[in-house]
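Enquirer: Before I ask anything, let me first share the structure, which is written out below as structure tokens.
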Amino acid sequence: VPEFAQLLDMLSPALKIMTISPSIDAKDDFPRIKELIRRGAVPALGHDKLATESDIIGALKCSSQESPLHITHLYNVMTSHHRDNGLANFGTTPRFPPVSPFHGLVEPTVELIGDFAHVSPLTLSTAVAAKAGSCLLYTSPSPRDS
């Protein structure tokens with residue numbers, strides 16, 4: 001995607017991480033994710049309620065142990081379902097099951113907004129338990145006006 005490469009040229013060398021919607025990037029075999037990896041930036045998956053399991057697996061197959069992907073703002077603007085897996089399912093699995101189509105996938109790092117407003121304490125507890133021993137990052141919005 002030439003326009004995307006031009007954007008990255010403008011942002012370099014400051015660009016370190018960028019969130020990409022896997023459902024959009026999947027349409028062209030993940031060119032944005034691949035370009036971010038090629039440039040040494042971390043592709044983050046997020047803000048995508050339309051991403052299918054196939055889209056997410058395809059995106060994760062672009063990664064490697066040396067260049068894992070990231071999931072931005074776990075639970076926010078993403079789906080989770082017990083049969084129709086979305087980004088939240090992938091972000092909260094403690095490890096991928098040893099069955100197809102999950103063989104060889106590299107576990108992404110995960111970030112969530114841990115302020116109890118964006119994610120409830122119960123859901124936050126679930127993520128913490130699921131990612132124990134993995135990379136789970138917390139962020140918070142800017143302080144609210146008093």
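Lettering and numbering for the structure tokens are positional, with chains as A, B, ... in the shown order, residues counted from 1 in each chain, and ligands counted from 1 in the shown order.
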DSSP on the backbone, strand (DSSP E or B) only: what residues of chain A does that give? Format it as a ChimeraX atom specification.

Expert: /A:17-20,42-45,70-71,109-113,136-139

Enquirer: How about saving the chosen residues, all heavy atoms kept, as a compact mmCIF listing (two decimals), in the first residue's frame?

Expert:
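Everything below was put into result-v3.txt:
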```
# COMPACT_ATOMS: atom_id res chain seq x y z
N ILE A 17 4.97 1.74 17.49
CA ILE A 17 3.84 0.82 17.54
C ILE A 17 2.66 1.49 16.84
O ILE A 17 2.50 2.71 16.92
CB ILE A 17 3.50 0.43 19.00
CG1 ILE A 17 2.43 -0.65 19.06
CG2 ILE A 17 3.13 1.64 19.82
CD1 ILE A 17 2.26 -1.26 20.46
N MET A 18 1.85 0.69 16.13
CA MET A 18 0.67 1.23 15.45
C MET A 18 -0.43 0.18 15.47
O MET A 18 -0.19 -0.99 15.19
CB MET A 18 1.00 1.59 14.00
CG MET A 18 -0.20 2.17 13.25
SD MET A 18 0.19 2.55 11.52
CE MET A 18 0.89 4.17 11.71
N THR A 19 -1.64 0.63 15.79
CA THR A 19 -2.78 -0.28 15.82
C THR A 19 -3.38 -0.41 14.42
O THR A 19 -3.61 0.59 13.74
CB THR A 19 -3.85 0.22 16.80
OG1 THR A 19 -3.25 0.30 18.11
CG2 THR A 19 -5.04 -0.72 16.86
N ILE A 20 -3.62 -1.65 14.03
CA ILE A 20 -4.18 -2.00 12.72
C ILE A 20 -5.41 -2.87 12.96
O ILE A 20 -5.40 -3.75 13.82
CB ILE A 20 -3.15 -2.81 11.89
CG1 ILE A 20 -1.86 -2.01 11.68
CG2 ILE A 20 -3.75 -3.29 10.58
CD1 ILE A 20 -1.97 -0.85 10.73
N VAL A 42 6.10 -2.23 15.96
CA VAL A 42 5.23 -3.30 16.45
C VAL A 42 3.81 -3.09 15.91
O VAL A 42 3.18 -2.08 16.22
CB VAL A 42 5.19 -3.32 17.99
CG1 VAL A 42 4.22 -4.38 18.49
CG2 VAL A 42 6.59 -3.56 18.56
N PRO A 43 3.30 -4.04 15.15
CA PRO A 43 1.90 -3.96 14.76
C PRO A 43 1.03 -4.39 15.93
O PRO A 43 1.28 -5.41 16.57
CB PRO A 43 1.76 -4.97 13.62
CG PRO A 43 3.16 -5.36 13.25
CD PRO A 43 4.00 -5.12 14.46
N ALA A 44 0.03 -3.58 16.21
CA ALA A 44 -0.91 -3.89 17.28
C ALA A 44 -2.27 -4.14 16.65
O ALA A 44 -2.68 -3.42 15.75
CB ALA A 44 -0.98 -2.74 18.27
N LEU A 45 -2.94 -5.17 17.10
CA LEU A 45 -4.28 -5.48 16.61
C LEU A 45 -5.28 -4.85 17.56
O LEU A 45 -5.14 -4.96 18.77
CB LEU A 45 -4.49 -6.99 16.56
CG LEU A 45 -3.43 -7.80 15.81
CD1 LEU A 45 -3.75 -9.29 15.88
CD2 LEU A 45 -3.30 -7.34 14.38
N HIS A 70 0.92 -7.26 19.03
CA HIS A 70 0.42 -6.70 20.28
C HIS A 70 -1.10 -6.54 20.12
O HIS A 70 -1.59 -6.42 19.00
CB HIS A 70 1.09 -5.33 20.49
CG HIS A 70 0.70 -4.62 21.73
ND1 HIS A 70 1.12 -5.02 22.99
CD2 HIS A 70 -0.06 -3.52 21.93
CE1 HIS A 70 0.63 -4.19 23.89
NE2 HIS A 70 -0.10 -3.28 23.28
N ILE A 71 -1.83 -6.58 21.19
CA ILE A 71 -3.27 -6.29 21.16
C ILE A 71 -3.50 -5.03 21.99
O ILE A 71 -3.14 -4.97 23.17
CB ILE A 71 -4.11 -7.47 21.68
CG1 ILE A 71 -3.97 -8.67 20.73
CG2 ILE A 71 -5.58 -7.05 21.81
CD1 ILE A 71 -4.72 -9.90 21.14
N THR A 109 1.60 -9.75 22.82
CA THR A 109 1.56 -9.00 24.07
C THR A 109 0.19 -8.33 24.13
O THR A 109 -0.48 -8.17 23.11
CB THR A 109 2.69 -7.96 24.13
OG1 THR A 109 2.59 -7.09 23.01
CG2 THR A 109 4.05 -8.63 24.14
N VAL A 110 -0.24 -7.96 25.32
CA VAL A 110 -1.60 -7.44 25.50
C VAL A 110 -1.54 -6.19 26.38
O VAL A 110 -0.80 -6.15 27.36
CB VAL A 110 -2.50 -8.51 26.15
CG1 VAL A 110 -3.88 -7.97 26.44
CG2 VAL A 110 -2.60 -9.74 25.26
N GLU A 111 -2.35 -5.22 26.01
CA GLU A 111 -2.48 -3.99 26.78
C GLU A 111 -3.95 -3.76 27.09
O GLU A 111 -4.80 -4.04 26.25
CB GLU A 111 -1.95 -2.84 25.92
CG GLU A 111 -2.30 -1.46 26.37
CD GLU A 111 -2.00 -0.44 25.27
OE1 GLU A 111 -1.28 -0.74 24.31
OE2 GLU A 111 -2.54 0.67 25.40
N LEU A 112 -4.22 -3.31 28.28
CA LEU A 112 -5.60 -2.95 28.60
C LEU A 112 -5.63 -1.72 29.48
O LEU A 112 -4.64 -1.37 30.12
CB LEU A 112 -6.40 -4.10 29.20
CG LEU A 112 -5.97 -4.79 30.48
CD1 LEU A 112 -6.24 -3.97 31.69
CD2 LEU A 112 -6.71 -6.10 30.58
N ILE A 113 -6.77 -1.06 29.46
CA ILE A 113 -6.96 0.13 30.28
C ILE A 113 -7.52 -0.35 31.62
O ILE A 113 -8.66 -0.78 31.70
CB ILE A 113 -7.92 1.13 29.60
CG1 ILE A 113 -7.40 1.50 28.21
CG2 ILE A 113 -8.09 2.38 30.47
CD1 ILE A 113 -8.37 2.33 27.39
N LEU A 136 1.51 -8.54 29.93
CA LEU A 136 0.26 -7.80 30.05
C LEU A 136 0.61 -6.39 30.50
O LEU A 136 1.21 -6.19 31.55
CB LEU A 136 -0.66 -8.46 31.08
CG LEU A 136 -1.99 -7.78 31.36
CD1 LEU A 136 -2.86 -7.76 30.11
CD2 LEU A 136 -2.72 -8.50 32.48
N LEU A 137 0.28 -5.41 29.68
CA LEU A 137 0.59 -4.01 29.96
C LEU A 137 -0.67 -3.29 30.39
O LEU A 137 -1.74 -3.52 29.84
CB LEU A 137 1.14 -3.34 28.70
CG LEU A 137 2.32 -4.04 28.03
CD1 LEU A 137 2.59 -3.42 26.67
CD2 LEU A 137 3.54 -4.00 28.91
N TYR A 138 -0.53 -2.39 31.35
CA TYR A 138 -1.65 -1.58 31.80
C TYR A 138 -1.42 -0.14 31.34
O TYR A 138 -0.30 0.36 31.37
CB TYR A 138 -1.75 -1.58 33.33
CG TYR A 138 -2.12 -2.91 33.89
CD1 TYR A 138 -1.13 -3.80 34.30
CD2 TYR A 138 -3.45 -3.30 34.00
CE1 TYR A 138 -1.47 -5.04 34.80
CE2 TYR A 138 -3.78 -4.54 34.51
CZ TYR A 138 -2.78 -5.40 34.89
OH TYR A 138 -3.11 -6.63 35.39
N THR A 139 -2.47 0.49 30.95
CA THR A 139 -2.42 1.90 30.62
C THR A 139 -3.64 2.55 31.25
O THR A 139 -4.55 1.87 31.68
CB THR A 139 -2.39 2.12 29.09
OG1 THR A 139 -2.14 3.49 28.82
CG2 THR A 139 -3.67 1.68 28.42
```

Enquirer: I need the residue nearest Thr126 (chain A) from this list: A:Asn76, A:Asn89, A:Ser21, A:Thr52. Use only C-alpha atoms for the distance.

Expert: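 Of A:Asn76, A:Asn89, A:Ser21, A:Thr52, the one nearest Thr126 (chain A) is A:Asn89, counting only C-alpha atoms.
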
Enquirer: Which is closer to Arg83 (chain A) than all the others in A:Ser63, A:Pro98, A:Glu53, A:Gly46, using only C-alpha atoms?

Expert: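 Result for the nearest residue to Arg83 (chain A): A:Glu53.
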
Enquirer: Skip Pro101 (chain A) itself and residues of its chain fewer than 6 positions away, then list as a list of chain:residue names all residues within 10 Å of it, counting only C-alpha atoms.

Expert: A:Glu53, A:Ser54, A:Ile57, A:Gly58

Enquirer: Would you put the residues from that selection into a file with all heavy atoms, as a PDB file, in the first residue's frame?

Expert:
```pdb
ATOM      1  N   GLU A  53     -11.991 -14.985  13.355  1.00  0.00           N
ATOM      2  CA  GLU A  53     -10.892 -15.837  13.816  1.00  0.00           C
ATOM      3  C   GLU A  53      -9.853 -15.997  12.714  1.00  0.00           C
ATOM      4  O   GLU A  53      -8.651 -15.921  12.958  1.00  0.00           O
ATOM      5  CB  GLU A  53     -11.434 -17.205  14.243  1.00  0.00           C
ATOM      6  CG  GLU A  53     -10.346 -18.134  14.745  1.00  0.00           C
ATOM      7  CD  GLU A  53     -10.906 -19.458  15.223  1.00  0.00           C
ATOM      8  OE1 GLU A  53     -11.393 -19.501  16.364  1.00  0.00           O
ATOM      9  OE2 GLU A  53     -10.842 -20.430  14.453  1.00  0.00           O
ATOM     10  N   SER A  54     -10.292 -16.194  11.495  1.00  0.00           N
ATOM     11  CA  SER A  54      -9.382 -16.344  10.366  1.00  0.00           C
ATOM     12  C   SER A  54      -8.545 -15.084  10.142  1.00  0.00           C
ATOM     13  O   SER A  54      -7.343 -15.173   9.873  1.00  0.00           O
ATOM     14  CB  SER A  54     -10.185 -16.683   9.107  1.00  0.00           C
ATOM     15  OG  SER A  54      -9.339 -16.794   7.992  1.00  0.00           O
ATOM     16  N   ILE A  57      -5.931 -14.975  13.047  1.00  0.00           N
ATOM     17  CA  ILE A  57      -4.896 -15.993  12.856  1.00  0.00           C
ATOM     18  C   ILE A  57      -3.966 -15.589  11.720  1.00  0.00           C
ATOM     19  O   ILE A  57      -2.734 -15.707  11.833  1.00  0.00           O
ATOM     20  CB  ILE A  57      -5.523 -17.381  12.609  1.00  0.00           C
ATOM     21  CG1 ILE A  57      -6.145 -17.896  13.905  1.00  0.00           C
ATOM     22  CG2 ILE A  57      -4.493 -18.368  12.069  1.00  0.00           C
ATOM     23  CD1 ILE A  57      -6.975 -19.151  13.756  1.00  0.00           C
ATOM     24  N   GLY A  58      -4.525 -15.084  10.637  1.00  0.00           N
ATOM     25  CA  GLY A  58      -3.694 -14.626   9.522  1.00  0.00           C
ATOM     26  C   GLY A  58      -2.734 -13.530   9.948  1.00  0.00           C
ATOM     27  O   GLY A  58      -1.556 -13.531   9.561  1.00  0.00           O
TER      28      GLY A  58
END
```
